[in-house]
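Trainee: Contents of structure.json (JSON, C-alpha atoms and all ligand atoms):
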[["chain", "number", "residue", "atom", "x", "y", "z"],
["A", 1, "MET", "CA", 42.44, 36.27, -39.80],
["A", 2, "LYS", "CA", 45.25, 34.26, -38.21],
["A", 3, "ARG", "CA", 44.95, 30.46, -38.32],
["A", 4, "ALA", "CA", 45.77, 28.77, -34.98],
["A", 5, "ALA", "CA", 46.65, 25.11, -34.54],
["A", 6, "ILE", "CA", 46.69, 23.70, -30.99],
["A", 7, "LEU", "CA", 48.58, 20.65, -29.69],
["A", 8, "ILE", "CA", 47.40, 18.75, -26.62],
["A", 9, "SER", "CA", 48.21, 15.52, -24.81],
["A", 10, "GLY", "CA", 45.30, 15.14, -22.42],
["A", 11, "GLY", "CA", 41.97, 16.66, -21.42],
["A", 12, "GLY", "CA", 42.65, 19.95, -23.17],
["A", 13, "SER", "CA", 41.01, 22.31, -20.67],
["A", 14, "ASN", "CA", 43.29, 25.12, -21.89],
["A", 15, "MET", "CA", 42.52, 24.21, -25.52],
["A", 16, "VAL", "CA", 38.77, 24.47, -24.86],
["A", 17, "ARG", "CA", 39.09, 27.98, -23.46],
["A", 18, "LEU", "CA", 41.39, 29.03, -26.25],
["A", 19, "ILE", "CA", 38.89, 27.86, -28.90],
["A", 20, "GLU", "CA", 36.06, 29.56, -26.98],
["A", 21, "SER", "CA", 38.04, 32.81, -26.95],
["A", 22, "MET", "CA", 38.73, 32.94, -30.71],
["A", 23, "VAL", "CA", 35.41, 34.48, -31.74],
["A", 24, "GLY", "CA", 34.06, 37.86, -32.79],
["A", 25, "ASP", "CA", 36.76, 40.49, -33.30],
["A", 26, "HIS", "CA", 39.51, 38.15, -32.09],
["A", 27, "PRO", "CA", 42.24, 38.20, -34.76],
["A", 28, "ALA", "CA", 42.60, 34.38, -34.79],
["A", 29, "ARG", "CA", 40.50, 31.27, -35.25],
["A", 30, "ALA", "CA", 41.26, 27.69, -34.22],
["A", 31, "VAL", "CA", 41.67, 25.60, -37.38],
["A", 32, "LEU", "CA", 43.11, 22.35, -36.03],
["A", 33, "VAL", "CA", 43.73, 20.44, -32.80],
["A", 34, "GLY", "CA", 46.30, 17.64, -32.71],
["A", 35, "SER", "CA", 47.60, 15.23, -30.12],
["A", 36, "ASN", "CA", 50.39, 12.70, -29.59],
["A", 37, "ASP", "CA", 47.78, 10.50, -27.89],
["A", 38, "PRO", "CA", 44.87, 9.17, -30.00],
["A", 39, "ASN", "CA", 42.92, 8.75, -26.74],
["A", 40, "ALA", "CA", 43.41, 12.33, -25.54],
["A", 41, "GLY", "CA", 40.06, 13.47, -24.14],
["A", 42, "GLY", "CA", 40.51, 16.91, -25.65],
["A", 43, "LEU", "CA", 40.21, 15.56, -29.22],
["A", 44, "ALA", "CA", 36.52, 14.78, -28.76],
["A", 45, "LYS", "CA", 35.96, 18.19, -27.15],
["A", 46, "ALA", "CA", 37.60, 19.95, -30.11],
["A", 47, "ALA", "CA", 35.54, 17.93, -32.61],
["A", 48, "ALA", "CA", 32.36, 18.77, -30.67],
["A", 49, "MET", "CA", 33.36, 22.45, -30.99],
["A", 50, "GLY", "CA", 33.64, 22.07, -34.76],
["A", 51, "VAL", "CA", 37.44, 22.10, -34.96],
["A", 52, "GLY", "CA", 39.26, 19.53, -37.09],
["A", 53, "THR", "CA", 41.48, 17.11, -35.21],
["A", 54, "PHE", "CA", 44.31, 14.65, -35.77],
["A", 55, "ALA", "CA", 46.45, 12.35, -33.67],
["A", 56, "VAL", "CA", 49.93, 10.99, -34.23],
["A", 57, "ASP", "CA", 50.67, 8.33, -31.64],
["A", 58, "HIS", "CA", 54.26, 8.92, -30.57],
["A", 59, "ARG", "CA", 54.70, 5.40, -29.17],
["A", 60, "PRO", "CA", 55.27, 3.49, -32.45],
["A", 61, "PHE", "CA", 58.10, 5.93, -33.26],
["A", 62, "GLY", "CA", 60.04, 4.91, -30.14],
["A", 63, "ARG", "CA", 63.20, 7.03, -29.99],
["A", 64, "ASP", "CA", 62.69, 8.30, -33.55],
["A", 65, "ARG", "CA", 61.72, 11.85, -32.55],
["A", 66, "ALA", "CA", 62.42, 13.14, -36.06],
["A", 67, "GLY", "CA", 60.01, 10.63, -37.58],
["A", 68, "PHE", "CA", 57.29, 11.51, -35.10],
["A", 69, "GLU", "CA", 57.79, 15.23, -35.65],
["A", 70, "ALA", "CA", 57.81, 14.88, -39.44],
["A", 71, "GLU", "CA", 54.36, 13.30, -39.19],
["A", 72, "LEU", "CA", 53.18, 16.07, -36.84],
["A", 73, "ILE", "CA", 54.44, 18.69, -39.30],
["A", 74, "ARG", "CA", 52.72, 16.96, -42.22],
["A", 75, "HIS", "CA", 49.35, 17.25, -40.46],
["A", 76, "LEU", "CA", 50.01, 20.75, -39.15],
["A", 77, "ASP", "CA", 51.32, 22.28, -42.38],
["A", 78, "ALA", "CA", 48.28, 20.94, -44.25],
["A", 79, "ALA", "CA", 46.23, 23.41, -42.16],
["A", 80, "GLN", "CA", 48.64, 26.26, -42.96],
["A", 81, "PRO", "CA", 48.76, 27.59, -39.36],
["A", 82, "ASP", "CA", 50.00, 31.11, -38.62],
["A", 83, "LEU", "CA", 50.22, 30.17, -34.93],
["A", 84, "LEU", "CA", 51.09, 26.93, -33.12],
["A", 85, "VAL", "CA", 49.78, 26.82, -29.55],
["A", 86, "LEU", "CA", 51.01, 24.10, -27.15],
["A", 87, "ALA", "CA", 48.38, 23.52, -24.47],
["A", 88, "GLY", "CA", 49.15, 20.68, -22.13],
["A", 89, "PHE", "CA", 51.35, 19.10, -24.79],
["A", 90, "MET", "CA", 53.71, 16.77, -22.95],
["A", 91, "ARG", "CA", 56.32, 15.83, -25.55],
["A", 92, "ILE", "CA", 59.69, 17.55, -25.76],
["A", 93, "LEU", "CA", 60.16, 18.96, -29.27],
["A", 94, "THR", "CA", 63.51, 19.01, -31.06],
["A", 95, "PRO", "CA", 65.20, 22.26, -32.16],
["A", 96, "ASP", "CA", 64.39, 21.32, -35.79],
["A", 97, "PHE", "CA", 60.67, 21.22, -35.04],
["A", 98, "VAL", "CA", 60.86, 24.48, -33.08],
["A", 99, "ARG", "CA", 62.76, 26.17, -35.90],
["A", 100, "HIS", "CA", 59.98, 25.20, -38.30],
["A", 101, "PHE", "CA", 57.50, 27.19, -36.18],
["A", 102, "GLU", "CA", 59.85, 29.70, -34.53],
["A", 103, "GLY", "CA", 58.34, 33.11, -33.96],
["A", 104, "ARG", "CA", 54.79, 31.77, -34.08],
["A", 105, "MET", "CA", 54.80, 29.12, -31.33],
["A", 106, "LEU", "CA", 53.51, 29.47, -27.75],
["A", 107, "ASN", "CA", 53.42, 27.26, -24.67],
["A", 108, "ILE", "CA", 51.94, 27.46, -21.20],
["A", 109, "HIS", "CA", 53.98, 26.17, -18.29],
["A", 110, "PRO", "CA", 52.56, 25.71, -14.78],
["A", 111, "SER", "CA", 55.21, 27.65, -12.88],
["A", 112, "LEU", "CA", 56.52, 31.21, -12.56],
["A", 113, "LEU", "CA", 59.41, 30.71, -15.01],
["A", 114, "PRO", "CA", 62.36, 30.88, -14.81],
["A", 115, "LYS", "CA", 61.56, 28.95, -11.61],
["A", 116, "TYR", "CA", 60.83, 25.25, -12.03],
["A", 117, "PRO", "CA", 61.23, 24.42, -15.72],
["A", 118, "GLY", "CA", 60.38, 20.79, -16.43],
["A", 119, "LEU", "CA", 57.99, 18.59, -14.51],
["A", 120, "HIS", "CA", 56.39, 18.39, -11.02],
["A", 121, "THR", "CA", 56.36, 22.17, -10.74],
["A", 122, "HIS", "CA", 53.74, 22.37, -7.98],
["A", 123, "ALA", "CA", 55.42, 19.80, -5.72],
["A", 124, "ARG", "CA", 58.72, 21.68, -6.15],
["A", 125, "ALA", "CA", 57.17, 25.03, -5.22],
["A", 126, "ILE", "CA", 55.56, 23.53, -2.12],
["A", 127, "GLU", "CA", 58.77, 21.73, -1.20],
["A", 128, "ALA", "CA", 60.71, 24.98, -1.51],
["A", 129, "GLY", "CA", 58.25, 26.73, 0.81],
["A", 130, "ASP", "CA", 57.32, 29.31, -1.83],
["A", 131, "LEU", "CA", 54.54, 31.70, -0.80],
["A", 132, "GLU", "CA", 53.31, 32.04, -4.36],
["A", 133, "ALA", "CA", 53.17, 30.00, -7.56],
["A", 134, "GLY", "CA", 51.51, 30.39, -10.93],
["A", 135, "CYS", "CA", 51.78, 29.91, -14.68],
["A", 136, "THR", "CA", 53.72, 31.35, -17.57],
["A", 137, "VAL", "CA", 52.95, 31.73, -21.27],
["A", 138, "HIS", "CA", 56.12, 31.99, -23.32],
["A", 139, "GLU", "CA", 57.30, 31.82, -26.90],
["A", 140, "VAL", "CA", 58.79, 28.42, -27.64],
["A", 141, "THR", "CA", 62.47, 28.38, -28.56],
["A", 142, "ALA", "CA", 64.94, 25.51, -28.72],
["A", 143, "ASP", "CA", 65.72, 25.79, -24.97],
["A", 144, "LEU", "CA", 63.05, 23.88, -22.98],
["A", 145, "ASP", "CA", 60.64, 26.18, -21.09],
["A", 146, "ALA", "CA", 62.96, 29.14, -21.63],
["A", 147, "GLY", "CA", 61.58, 31.29, -24.45],
["A", 148, "PRO", "CA", 60.62, 34.99, -24.06],
["A", 149, "ILE", "CA", 57.91, 35.35, -21.41],
["A", 150, "LEU", "CA", 54.65, 36.79, -22.78],
["A", 151, "GLY", "CA", 52.59, 36.61, -19.60],
["A", 152, "GLN", "CA", 52.31, 35.33, -16.06],
["A", 153, "ALA", "CA", 49.58, 34.85, -13.46],
["A", 154, "ARG", "CA", 50.22, 34.31, -9.75],
["A", 155, "VAL", "CA", 48.39, 32.44, -6.99],
["A", 156, "PRO", "CA", 49.15, 32.06, -3.27],
["A", 157, "VAL", "CA", 50.55, 28.80, -1.96],
["A", 158, "LEU", "CA", 48.44, 28.03, 1.08],
["A", 159, "ALA", "CA", 49.45, 26.10, 4.21],
["A", 160, "GLY", "CA", 48.65, 22.45, 3.75],
["A", 161, "ASP", "CA", 48.42, 22.66, -0.05],
["A", 162, "THR", "CA", 48.98, 19.39, -1.83],
["A", 163, "PRO", "CA", 50.40, 19.55, -5.36],
["A", 164, "ASP", "CA", 46.88, 18.80, -6.65],
["A", 165, "ASP", "CA", 45.42, 21.68, -4.62],
["A", 166, "LEU", "CA", 47.98, 24.05, -6.09],
["A", 167, "ALA", "CA", 47.58, 22.65, -9.62],
["A", 168, "ALA", "CA", 43.83, 23.28, -9.46],
["A", 169, "ARG", "CA", 44.35, 26.86, -8.25],
["A", 170, "VAL", "CA", 46.94, 27.52, -11.00],
["A", 171, "LEU", "CA", 44.77, 25.94, -13.71],
["A", 172, "VAL", "CA", 42.05, 28.54, -13.07],
["A", 173, "GLN", "CA", 44.63, 31.23, -13.83],
["A", 174, "GLU", "CA", 45.94, 29.37, -16.90],
["A", 175, "HIS", "CA", 42.42, 29.56, -18.32],
["A", 176, "ARG", "CA", 42.47, 33.36, -17.86],
["A", 177, "LEU", "CA", 46.04, 34.00, -18.95],
["A", 178, "TYR", "CA", 46.40, 31.92, -22.10],
["A", 179, "PRO", "CA", 43.43, 33.39, -24.01],
["A", 180, "ALA", "CA", 44.49, 36.91, -23.06],
["A", 181, "VAL", "CA", 48.08, 36.39, -24.19],
["A", 182, "LEU", "CA", 47.05, 34.57, -27.40],
["A", 183, "ARG", "CA", 44.78, 37.45, -28.39],
["A", 184, "ARG", "CA", 47.63, 39.93, -28.04],
["A", 185, "PHE", "CA", 50.15, 37.68, -29.76],
["A", 186, "ALA", "CA", 47.77, 37.07, -32.68],
["A", 187, "ALA", "CA", 47.49, 40.86, -33.05],
["A", 188, "GLY", "CA", 51.28, 41.13, -33.20],
["A", 189, "ASP", "CA", 51.60, 42.53, -29.67],
["A", 190, "ARG", "CA", 54.37, 40.87, -27.68],
["A", 191, "THR", "CA", 54.21, 43.13, -24.61],
["A", 192, "ARG", "CA", 54.20, 41.08, -21.43],
["A", 193, "LEU", "CA", 50.91, 40.61, -19.57],
["A", 194, "ASP", "CA", 50.93, 40.06, -15.81],
["A", 195, "LEU", "CA", 47.56, 39.11, -14.35],
["A", 201, "LIG", "C1", 48.07, 22.03, -17.12],
["A", 201, "LIG", "O1", 48.51, 22.01, -15.79],
["A", 201, "LIG", "C2", 49.04, 22.84, -17.94],
["A", 201, "LIG", "O2", 49.75, 23.77, -17.17],
["A", 201, "LIG", "C3", 50.01, 21.82, -18.42],
["A", 201, "LIG", "O3", 49.20, 20.68, -18.71],
["A", 201, "LIG", "C4", 48.16, 20.61, -17.70],
["A", 201, "LIG", "C5", 46.87, 20.13, -18.29],
["A", 201, "LIG", "O4", 46.45, 21.09, -19.22],
["A", 201, "LIG", "N1", 50.73, 22.32, -19.57],
["A", 201, "LIG", "P1", 45.08, 20.85, -20.08],
["A", 201, "LIG", "O5", 43.95, 20.68, -19.09],
["A", 201, "LIG", "O6", 45.27, 19.58, -20.90],
["A", 201, "LIG", "O7", 44.94, 22.10, -20.90]]
Have the structure of the file written as structure tokens, please.
Ligand code: GRF
Mentor:
Amino acid sequence: MKRAAILISGGGSNMVRLIESMVGDHPARAVLVGSNDPNAGGLAKAAAMGVGTFAVDHRPFGRDRAGFEAELIRHLDAAQPDLLVLAGFMRILTPDFVRHFEGRMLNIHPSLLPKYPGLHTHARAIEAGDLEAGCTVHEVTADLDAGPILGQARVPVLAGDTPDDLAARVLVQEHRLYPAVLRRFAAGDRTRLDL
């Protein structure tokens, strides 16, 4: 049974569905949920689902990314995770941190990578007049939002969409895609899934 740790920064809607999916004959189980924000709403949801939690507030560390990440790693390694799943985690991680988890670290990004790495993905897709948008699950490597793609899901961009409209439509697909990709990845299957 693979041990999965999940990192969040906010409400953790993806985290909730990932925990819900790791049951029965699923090859992984959620063993820990962590956040860079002690007030992240997802922490209470994880605890209510019986999953251990921790928080390392990144603010006291200021520009000391290494110090913040060392504390993250201390909490994470104590749970001996086989998989590290970033789900709405909004801190950029250094190459040293990524190397520590390389080959077993996933992220979901709310665009059809390689389009729109970084922030404000939905506004950029609307601004560009794209007819479709979506989300991508990828392995995390040292290059931001650029690791091997493991899955994508697409949605139409509709006339009059605001970024919030599009974000809500994409989020529904994130909740389908991430559990499906995690299940494959946990089973050692890296073949790309397009929903
Ligand atoms: C989602 O849009 C996801 O794509 C991005 O963070 C947002 C919130 O995710 N990574 P969640 O509800 O905290 O899972």
Trainee: Do you know which residues are at most 9 Å from Gly42 (chain A) counting all atoms listed in the file, after dropping those on the same chain fewer than 5 positions away, and could you put them as JSON, numbers by chain?
Mentor: {"A": [8, 9, 10, 11, 12, 13, 15, 16, 33, 35, 47]}
Trainee: For chain A against ligand LIG 201 (chain A), with a cut-off of 9 Å and counting all atoms listed in the file, what is the closest atom pair and its distance in Å to one decimal for every residue that makes the cut, ordered by chain and number, as CSV?
Mentor:
residue,atom,partner,partner_atom,distance
A:Ile8,CA,A:LIG201,O6,6.2
A:Ser9,CA,A:LIG201,O6,6.4
A:Gly10,CA,A:LIG201,O6,4.7
A:Gly11,CA,A:LIG201,O6,4.4
A:Gly12,CA,A:LIG201,O6,3.5
A:Ser13,CA,A:LIG201,O5,3.7
A:Asn14,CA,A:LIG201,O7,3.6
A:Met15,CA,A:LIG201,O7,5.6
A:Val16,CA,A:LIG201,O7,7.7
A:Arg17,CA,A:LIG201,O7,8.7
A:Ala40,CA,A:LIG201,O6,8.8
A:Gly41,CA,A:LIG201,O6,8.7
A:Gly42,CA,A:LIG201,O6,7.2
A:Leu86,CA,A:LIG201,N1,7.8
A:Ala87,CA,A:LIG201,O7,5.2
A:Gly88,CA,A:LIG201,O3,3.4
A:Phe89,CA,A:LIG201,N1,6.2
A:Met90,CA,A:LIG201,N1,7.1
A:Asn107,CA,A:LIG201,N1,7.6
A:Ile108,CA,A:LIG201,N1,5.5
A:His109,CA,A:LIG201,O2,5.0
A:Pro110,CA,A:LIG201,O2,4.2
A:Ser111,CA,A:LIG201,O2,8.0
A:Cys135,CA,A:LIG201,O2,6.9
A:Thr136,CA,A:LIG201,O2,8.6
A:Ala167,CA,A:LIG201,O1,6.3
A:Ala168,CA,A:LIG201,O1,8.0
A:Val170,CA,A:LIG201,O1,7.5
A:Leu171,CA,A:LIG201,O1,5.8
A:Glu174,CA,A:LIG201,O2,6.8
A:His175,CA,A:LIG201,O7,8.3
Trainee: Do a neighbour search on region 21-26 of chain A at 10 Å with only C-alpha atoms, toss out local chain neighbours closer than 2 positions, and write the hits as a PyMOL selection string.
Mentor: chain A and resi 1-2+4+15-19+28-30+178-180+182-184+186-187
Trainee: Quick one, how far is CA of Val85 (chain A) from CA of Leu7 (chain A)?
Mentor: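 Taking CA of Val85 (chain A) and CA of Leu7 (chain A), their separation equals 6.3 Å.
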Trainee: Looking at A:Val56, A:Val98, A:Leu93, A:Ala146, which one is nearest to Leu72 (chain A), with distances taken over all atoms listed in the file?
Mentor: A:Val56
Trainee: Would you compute the distance between CA of Glu102 (chain A) and CA of Gln152 (chain A)? Give it in Å to one decimal.
Mentor: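 So the answer is 20.7 Å.
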Trainee: Suppose you want the space between CA of Glu20 (chain A) and CA of Arg91 (chain A); what is it in Å?
Mentor: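 Computing it gives 24.5 Å between the two atoms.
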Trainee: Excluding Pro163 (chain A) and any residue of its chain fewer than 2 positions from it, enumerate the residues within 6 Å of it, using only C-alpha atoms, and give them as a list in words.
Mentor: His122, Ala123, Asp165, Leu166 and Ala167 of chain A
Trainee: Closest to Thr141 (chain A) among A:Gln80, A:Thr121, A:Thr162, A:Thr94, using only C-alpha atoms?
Mentor: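 Smallest distance to Thr141 (chain A) is found for A:Thr94.
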Trainee: Nearest to Asp82 (chain A): which of A:His100, A:Arg169, A:Arg3, A:Arg59 is it, counting only C-alpha atoms?
Mentor: A:Arg3
Trainee: Find, counting all atoms listed in the file, the residue in A:Ala5, A:Ile149, A:Leu195, A:Leu177 that gets nearest to Leu83 (chain A).
Mentor: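 Ranking A:Ala5, A:Ile149, A:Leu195, A:Leu177 by distance to Leu83 (chain A), first place goes to A:Ala5.
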